[in-house]
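Visitor: Submitted below is the structure of interest, expressed as structure tokens.
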Amino acid sequence: MFAYVVKRLISGVLVVTLVSMAIFLLFWYGPSSPAQPICDRETSNRCTQTKLAVYEKTLGYDNPVYEEYGKYVKGIFVGRTLTIASNDYECGAPCLGVSYRTKQPVKEELVSRMPATFSVAIGGAFLYLLFGVPIGVAAARRRGTVADKALVSSFLFISSIPYYLFALLTWLYLTITFPIPFFSDTGYFSIAQNGPLKWFGGLFLAWVALGIFGCTQYTRFTRGAMVEALSEDYIRTAKAKGLPTRTIVYKHGLRAALVPVVTIFGIDFGTLLAGTIFTERIFDIQGIGYWSLQAVQGRDLPVVQATALFSAVVLIIANLLVDVVYSVLDPRVRLS
Amino acid sequence: MTSIPVTPSSAASSDPEGPYLQVEDLQVTFPTQDGPVTAVKGLSYSVAKGQTLGIVGESGSGKSVSSMAVMGLHDAKSARISGSIRVGGTEIVGLGESRMRSLRGNSMAMIFQDALAALHPFYKIGKQLEEAYLVHHSSASKRDARRKAIEMLDRVGIPQPDRRVDDFPHQFSGGMRQRAMIAMGLINDPSLLIADEPTTALDVTVQAQILDLLQDLQREFNSAVIIITHDLGVIAEMADDVLVMYAGRCVEYGTTKQILTAPEMPYTWGLLSSIPDVRASTDARLIPIPGNPPSLLRPPSGCSFHPRCVHSDKVAGDLCSTELPELLPASSGTAHLRRCHLADPVGVYQSEVLPEIAPELVEETR
């Protein structure tokens, strides 16, 4: 197990390295000079060839690409001093660059935005597991009945709506059309500064949107896995032993059905932690997703680079955790 | 016919309490979208303690459905059961779920065909045995249950039971898994054990070991055993009585000797003819039963077997296709029942069937 985790970590580091190279190269060889955005910004869109050349030189874009990538990687481990035009910016390790917009080290802003994204992700995931799994179990136990069919088809209808539309409609209806007093002022308010009540109120609608949408999907996953588990021979054996229905359904059925659900959840949750762009944008939550969207719109290359790298790291860790948890859940799986 | 069915073989050895399991006029119907499917019709049989009943038939003949009904394993929503099933004097048809649960796994137990699928893959063998014990012994401690589990694993011949008790099913070999399954079935000392094709998924040498084990355990626990199989070799080895099922009905019922040496129903002849003989010459033809088992949704009129029966031309008129033959005493003995219109089945068997399947026996009888 330990050897397996170490092996997976090493391969994870390798993947992160490749991803970082890919991102670096994409910007380097992009259609316009990578210094163009900062030049445009600093000169209020009056960037001349000579000015651009100054930016390219100070940012190192006239050097060979491998040399600059080396500096970038070195910066991640020991930090570096970045020069943009005539100004120097100190960027401590792990240095992910300096935002073109704020001139602050990207890492600091990334860290400061994590609580917002994590709050949204954990709350949303908690809600959709809390409702999705039990509803899925209940539907599986009543499979074929009118209630089951109605539930499955209505949930399928909701999951067929694109998520951004669903979230937007939730926001529109619950903050504009029928505003709920305490919850309609959405956004992220840190617990430390505003207290838990304000934090909760600001995030509540985002959780509801994520929760309902995720719940419809997890109900269907759970129902499918549960229907399959309940038709297995070992369920008949459990019944033949004279076990009570609760034990048969939960201890024998759900235990087996949870394995595929946990697998999907691990990847899903990783994606949520890497930034929920739609949720954060629509509910005005200043998290990593919103930030990366702003960075793309404002051509803030270091931020785009950092958020892409961050998602890669989070997803790789989520995958590893899923595999480890899988081996705990299913004794037939040997990690080697 | 007597109103209370007696086991053919125990007609002589009378048990004062009567047979432990008595099934009378059992009917199991499943409503489907295409209409009701009656998987078992008018089935009656009985098994006394210490006796073994073999139920034979093709896939879909209702063997498993009828014994699942005895265990009460059919979903009440999807199966309609009528008739009477008495286990140790308790009527099971219509019994409440909680009463039923206290019988299941306790006074009657079932062993399934594929032990790998029938054991839960995520729980240790020992845990699964303990669970079966604890659910019927609410006062027992976990340590008692574990001791009992180890004792049972030892009893069914699992080496180093105190260590293997913590293995998962996938760590056992096929034969050991079936042994563990048997140990789980017997952990509460049931008076009725139903073995649903217990050896089908095993290789031949292991099959013999499992059958020996079942026989030993039956002698030790003196339980009534039903063994469901399509292997007449297993029947010859294990059973005292045999019930041949076709399309949900009993077509022949008698002692193993009667069924195997003097069968009086063309379907039973077909089953006997389709057994390959290891010692026969390689030129010898294997005689399969022509056609396929009938659809239970639209069963054939008259005798369900008539579309596949090669002897129906010996019956006058179209009796076979219009009228269902009754289950009547056969000529070899009163406890031997058969469902066939043939006037002289013994004669047909002797002159037409026996020479094909066992020519050497024809010489002996003449």
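Quick note on naming: the chains in the structure tokens go A, B, ... in the order shown, residues restart at 1 in each chain, and ligands are numbered from 1 in order of appearance.
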When DSSP works through the backbone of this structure, what residues of region 16-92 of chain B end up as strand (DSSP E), shown as a VMD selection string?
Guide: chain B and resid 21 to 32 35 to 47 52 to 56 80 to 87 90 to 91
Visitor: Residues at most 12 Å from Thr90 (chain B), counting only C-alpha atoms, excluding those fewer than 4 positions away in the same chain, as a PyMOL selection string?
Guide: chain B and resi 20-23+70+84-86+94-96+99-100+103+107-108
Visitor: Go ahead and write the selection's residues with N, CA and C atoms as a compact mmCIF listing (two decimals), in the first residue's frame.
Guide:
# COMPACT_ATOMS: atom_id res chain seq x y z
N TYR B 20 -41.17 -33.80 7.69
CA TYR B 20 -40.84 -32.47 8.20
C TYR B 20 -41.34 -31.39 7.26
N LEU B 21 -41.18 -31.62 5.96
CA LEU B 21 -41.66 -30.64 4.98
C LEU B 21 -42.78 -31.26 4.16
N GLN B 22 -43.91 -30.58 4.12
CA GLN B 22 -45.02 -31.05 3.29
C GLN B 22 -45.47 -29.92 2.38
N VAL B 23 -45.38 -30.18 1.09
CA VAL B 23 -45.83 -29.20 0.11
C VAL B 23 -47.06 -29.78 -0.55
N VAL B 70 -40.46 -22.32 -0.77
CA VAL B 70 -40.37 -22.95 0.55
C VAL B 70 -39.59 -22.05 1.51
N SER B 84 -50.16 -25.04 -0.06
CA SER B 84 -49.74 -25.16 1.32
C SER B 84 -48.30 -25.65 1.40
N ILE B 85 -47.53 -25.00 2.25
CA ILE B 85 -46.18 -25.46 2.54
C ILE B 85 -46.07 -25.54 4.06
N ARG B 86 -45.88 -26.73 4.58
CA ARG B 86 -45.76 -26.87 6.03
C ARG B 86 -44.34 -27.31 6.37
N GLY B 94 -48.41 -17.43 3.33
CA GLY B 94 -49.17 -16.39 4.01
C GLY B 94 -48.63 -16.03 5.38
N LEU B 95 -47.52 -16.62 5.77
CA LEU B 95 -46.93 -16.30 7.07
C LEU B 95 -46.32 -14.90 7.03
N GLY B 96 -46.43 -14.19 8.14
CA GLY B 96 -45.90 -12.83 8.20
C GLY B 96 -44.39 -12.81 8.03
N ARG B 99 -42.18 -13.60 11.20
CA ARG B 99 -42.19 -15.03 11.55
C ARG B 99 -41.36 -15.81 10.56
N MET B 100 -41.54 -15.45 9.29
CA MET B 100 -40.81 -16.11 8.21
C MET B 100 -39.30 -15.95 8.41
N LEU B 103 -37.67 -18.22 10.76
CA LEU B 103 -37.49 -19.60 10.29
C LEU B 103 -36.32 -19.70 9.31
N SER B 107 -34.43 -22.78 11.05
CA SER B 107 -34.86 -24.17 10.94
C SER B 107 -34.82 -24.66 9.50
N MET B 108 -34.67 -23.73 8.56
CA MET B 108 -34.43 -24.17 7.19
C MET B 108 -33.38 -23.27 6.55
Visitor: Taking only C-alpha atoms into account, which of A:Thr177, A:Gln305, A:Thr219, A:Ser119 comes nearest Leu272 (chain A)?
Guide: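 Distance minimum relative to Leu272 (chain A) lands on A:Ser119.
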Visitor: If we count only C-alpha atoms, which residues of chain B reach to within 6 Å of chain A? Please list them as a PyMOL selection string.
Guide: chain B and resi 101+104-105+117-120+122+132
Visitor: Quick one: everything within 8 Å of region 274-276 of chain A, counting only C-alpha atoms, minus sequence neighbours fewer than 3 positions away in the same chain. Send it as a ChimeraX atom specification.
Guide: /A:117,121,270-271,279-280,287-290,307,310-311,314-315
Visitor: To one decimal place, how far is CA of Lys124 (chain B) from CA of Tyr250 (chain A) in Å?
Guide: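 Straight-line distance from CA of Lys124 (chain B) to CA of Tyr250 (chain A) works out to 16.9 Å.
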Visitor: Could you check which of B:Thr200, B:Phe305, B:Ala48, B:Asp25 is closest to Val225 (chain B), using only C-alpha atoms?
Guide: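 Among the listed residues, B:Ala48 lies closest to Val225 (chain B).
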Visitor: Which of these, A:Ala318, A:Leu52, A:Leu18, A:Ala140, has the shortest distance to Ile38 (chain A) once you count only C-alpha atoms?
Guide: A:Leu52
Visitor: Write out as a ChimeraX atom specification all residues of region 135-199 of chain A that backbone DSSP assigns to alpha helix (DSSP H).
Guide: /A:135-141,146-160,163-171,191-199
Visitor: Using only N, CA and C atoms, please write the residues we just selected to a file, as a tab-separated table (two decimals), in the first residue's frame.
Guide:
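The resulting file, out-v6.tsv, is shown below:
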chain	number	residue	atom	x	y	z
A	135	ILE	N	-31.96	9.18	-1.39
A	135	ILE	CA	-33.07	9.16	-2.35
A	135	ILE	C	-32.83	8.06	-3.38
A	136	GLY	N	-31.56	7.91	-3.79
A	136	GLY	CA	-31.23	6.84	-4.74
A	136	GLY	C	-31.54	5.46	-4.17
A	137	VAL	N	-31.21	5.26	-2.89
A	137	VAL	CA	-31.49	3.97	-2.24
A	137	VAL	C	-32.99	3.73	-2.18
A	138	ALA	N	-33.72	4.77	-1.79
A	138	ALA	CA	-35.18	4.63	-1.69
A	138	ALA	C	-35.78	4.30	-3.05
A	139	ALA	N	-35.29	4.97	-4.11
A	139	ALA	CA	-35.82	4.72	-5.45
A	139	ALA	C	-35.51	3.29	-5.89
A	140	ALA	N	-34.28	2.83	-5.57
A	140	ALA	CA	-33.90	1.48	-5.98
A	140	ALA	C	-34.78	0.44	-5.29
A	141	ARG	N	-35.13	0.71	-4.03
A	141	ARG	CA	-35.97	-0.25	-3.31
A	141	ARG	C	-37.38	-0.28	-3.86
A	146	VAL	N	-44.60	3.68	-9.58
A	146	VAL	CA	-44.90	4.99	-10.15
A	146	VAL	C	-43.99	6.05	-9.51
A	147	ALA	N	-43.81	5.95	-8.18
A	147	ALA	CA	-42.98	6.93	-7.48
A	147	ALA	C	-41.56	6.92	-8.03
A	148	ASP	N	-41.03	5.74	-8.24
A	148	ASP	CA	-39.67	5.60	-8.77
A	148	ASP	C	-39.57	6.21	-10.16
A	149	LYS	N	-40.54	5.87	-11.01
A	149	LYS	CA	-40.49	6.37	-12.38
A	149	LYS	C	-40.61	7.89	-12.42
A	150	ALA	N	-41.52	8.43	-11.60
A	150	ALA	CA	-41.71	9.89	-11.56
A	150	ALA	C	-40.42	10.55	-11.09
A	151	LEU	N	-39.82	10.00	-10.06
A	151	LEU	CA	-38.60	10.59	-9.51
A	151	LEU	C	-37.46	10.54	-10.53
A	152	VAL	N	-37.28	9.38	-11.12
A	152	VAL	CA	-36.16	9.23	-12.06
A	152	VAL	C	-36.34	10.16	-13.26
A	153	SER	N	-37.58	10.25	-13.79
A	153	SER	CA	-37.74	11.08	-14.98
A	153	SER	C	-37.62	12.56	-14.64
A	154	SER	N	-38.14	12.97	-13.46
A	154	SER	CA	-38.01	14.39	-13.14
A	154	SER	C	-36.56	14.75	-12.85
A	155	PHE	N	-35.82	13.83	-12.24
A	155	PHE	CA	-34.41	14.10	-11.96
A	155	PHE	C	-33.60	14.10	-13.25
A	156	LEU	N	-34.01	13.24	-14.16
A	156	LEU	CA	-33.31	13.22	-15.45
A	156	LEU	C	-33.54	14.55	-16.18
A	157	PHE	N	-34.76	15.07	-16.03
A	157	PHE	CA	-35.09	16.36	-16.64
A	157	PHE	C	-34.17	17.46	-16.08
A	158	ILE	N	-34.04	17.48	-14.74
A	158	ILE	CA	-33.20	18.53	-14.14
A	158	ILE	C	-31.76	18.36	-14.58
A	159	SER	N	-31.25	17.11	-14.58
A	159	SER	CA	-29.83	16.96	-14.97
A	159	SER	C	-29.61	17.26	-16.44
A	160	SER	N	-30.69	17.27	-17.24
A	160	SER	CA	-30.51	17.55	-18.66
A	160	SER	C	-30.36	19.05	-18.92
A	163	TYR	N	-25.86	23.12	-16.56
A	163	TYR	CA	-25.73	23.58	-15.19
A	163	TYR	C	-25.72	25.10	-15.08
A	164	TYR	N	-25.05	25.78	-16.03
A	164	TYR	CA	-24.99	27.24	-15.90
A	164	TYR	C	-26.37	27.86	-15.97
A	165	LEU	N	-27.25	27.25	-16.80
A	165	LEU	CA	-28.62	27.77	-16.91
A	165	LEU	C	-29.37	27.50	-15.61
A	166	PHE	N	-29.18	26.30	-15.09
A	166	PHE	CA	-29.87	25.94	-13.85
A	166	PHE	C	-29.46	26.88	-12.72
A	167	ALA	N	-28.14	27.12	-12.61
A	167	ALA	CA	-27.65	27.99	-11.54
A	167	ALA	C	-28.14	29.42	-11.74
A	168	LEU	N	-28.14	29.85	-12.99
A	168	LEU	CA	-28.59	31.21	-13.28
A	168	LEU	C	-30.06	31.38	-12.93
A	169	LEU	N	-30.88	30.38	-13.28
A	169	LEU	CA	-32.31	30.45	-12.97
A	169	LEU	C	-32.52	30.46	-11.46
A	170	THR	N	-31.75	29.62	-10.75
A	170	THR	CA	-31.86	29.60	-9.29
A	170	THR	C	-31.59	31.00	-8.74
A	171	TRP	N	-30.51	31.58	-9.22
A	171	TRP	CA	-30.12	32.91	-8.74
A	171	TRP	C	-31.19	33.94	-9.07
A	191	ILE	N	-15.64	33.82	7.60
A	191	ILE	CA	-16.18	33.65	8.95
A	191	ILE	C	-15.46	34.58	9.92
A	192	ALA	N	-14.13	34.69	9.74
A	192	ALA	CA	-13.33	35.47	10.68
A	192	ALA	C	-13.78	36.93	10.71
A	193	GLN	N	-14.13	37.47	9.55
A	193	GLN	CA	-14.47	38.90	9.52
A	193	GLN	C	-15.95	39.17	9.73
A	194	ASN	N	-16.81	38.25	9.23
A	194	ASN	CA	-18.24	38.56	9.23
A	194	ASN	C	-19.07	37.63	10.12
A	195	GLY	N	-18.42	36.64	10.67
A	195	GLY	CA	-19.16	35.71	11.52
A	195	GLY	C	-19.79	34.61	10.68
A	196	PRO	N	-20.11	33.49	11.30
A	196	PRO	CA	-20.60	32.32	10.57
A	196	PRO	C	-21.96	32.55	9.91
A	197	LEU	N	-22.79	33.39	10.51
A	197	LEU	CA	-24.14	33.57	9.98
A	197	LEU	C	-24.10	34.21	8.60
A	198	LYS	N	-23.29	35.24	8.48
A	198	LYS	CA	-23.16	35.97	7.21
A	198	LYS	C	-22.53	35.04	6.15
A	199	TRP	N	-21.55	34.27	6.59
A	199	TRP	CA	-20.89	33.30	5.70
A	199	TRP	C	-21.91	32.33	5.14
Visitor: Considering only C-alpha atoms, return as a VMD selection string whatever protein or nucleic-acid residues lie within 10 Å of Ser312 (chain B), sequence-local ones (same chain, fewer than 3 positions apart) excluded.
Guide: chain B and resid 266 303 305 to 309 315 to 321 340 to 342
Visitor: Using only C-alpha atoms, which residues sit within 9 Å of region 173-181 of chain B once same-chain residues fewer than 3 positions away are excluded, as a VMD selection string?
Guide: chain B and resid 111 to 116 118 to 119 125 129 152 to 153 156 to 158 169 to 170 184 to 186 198 to 199 201 to 203 206 to 207 209 to 210 213
Visitor: Could you please determine the separation between CA of Leu217 (chain B) and CA of Lys148 (chain B) in Å, to one decimal place?
Guide: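 We find that CA of Leu217 (chain B) and CA of Lys148 (chain B) lie 16.0 Å from each other.
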Visitor: Using CA of Ser11 (chain A) and CA of Leu320 (chain A) as the two end points, give the distance in Å to one decimal.
Guide: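 The value is 10.3 Å.
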Visitor: For Val40 (chain B), work out the shell of residues within 7 Å, counting only C-alpha atoms and skipping chain neighbours fewer than 2 positions away, then give it as a PyMOL selection string.
Guide: chain B and resi 26-28+38+42-43+62+66+248-249
Visitor: Which residue gives the smallest distance to Pro31 (chain B) among B:Asp166, B:Leu296, B:Val56, B:Pro19, with only C-alpha atoms counted?
Guide: B:Leu296
Visitor: Find the residues near region 104-106 of chain A: any atom within 9 Å, counting only C-alpha atoms, skip ones fewer than 4 places away on the same chain, and give them as a ChimeraX atom specification.
Guide: /A:89-92,95-100,110-111,302-303,306
Visitor: Closest to Ala35 (chain A) among A:Leu301, A:Leu254, A:Val5, A:Ile317, using only C-alpha atoms?
Guide: A:Leu301
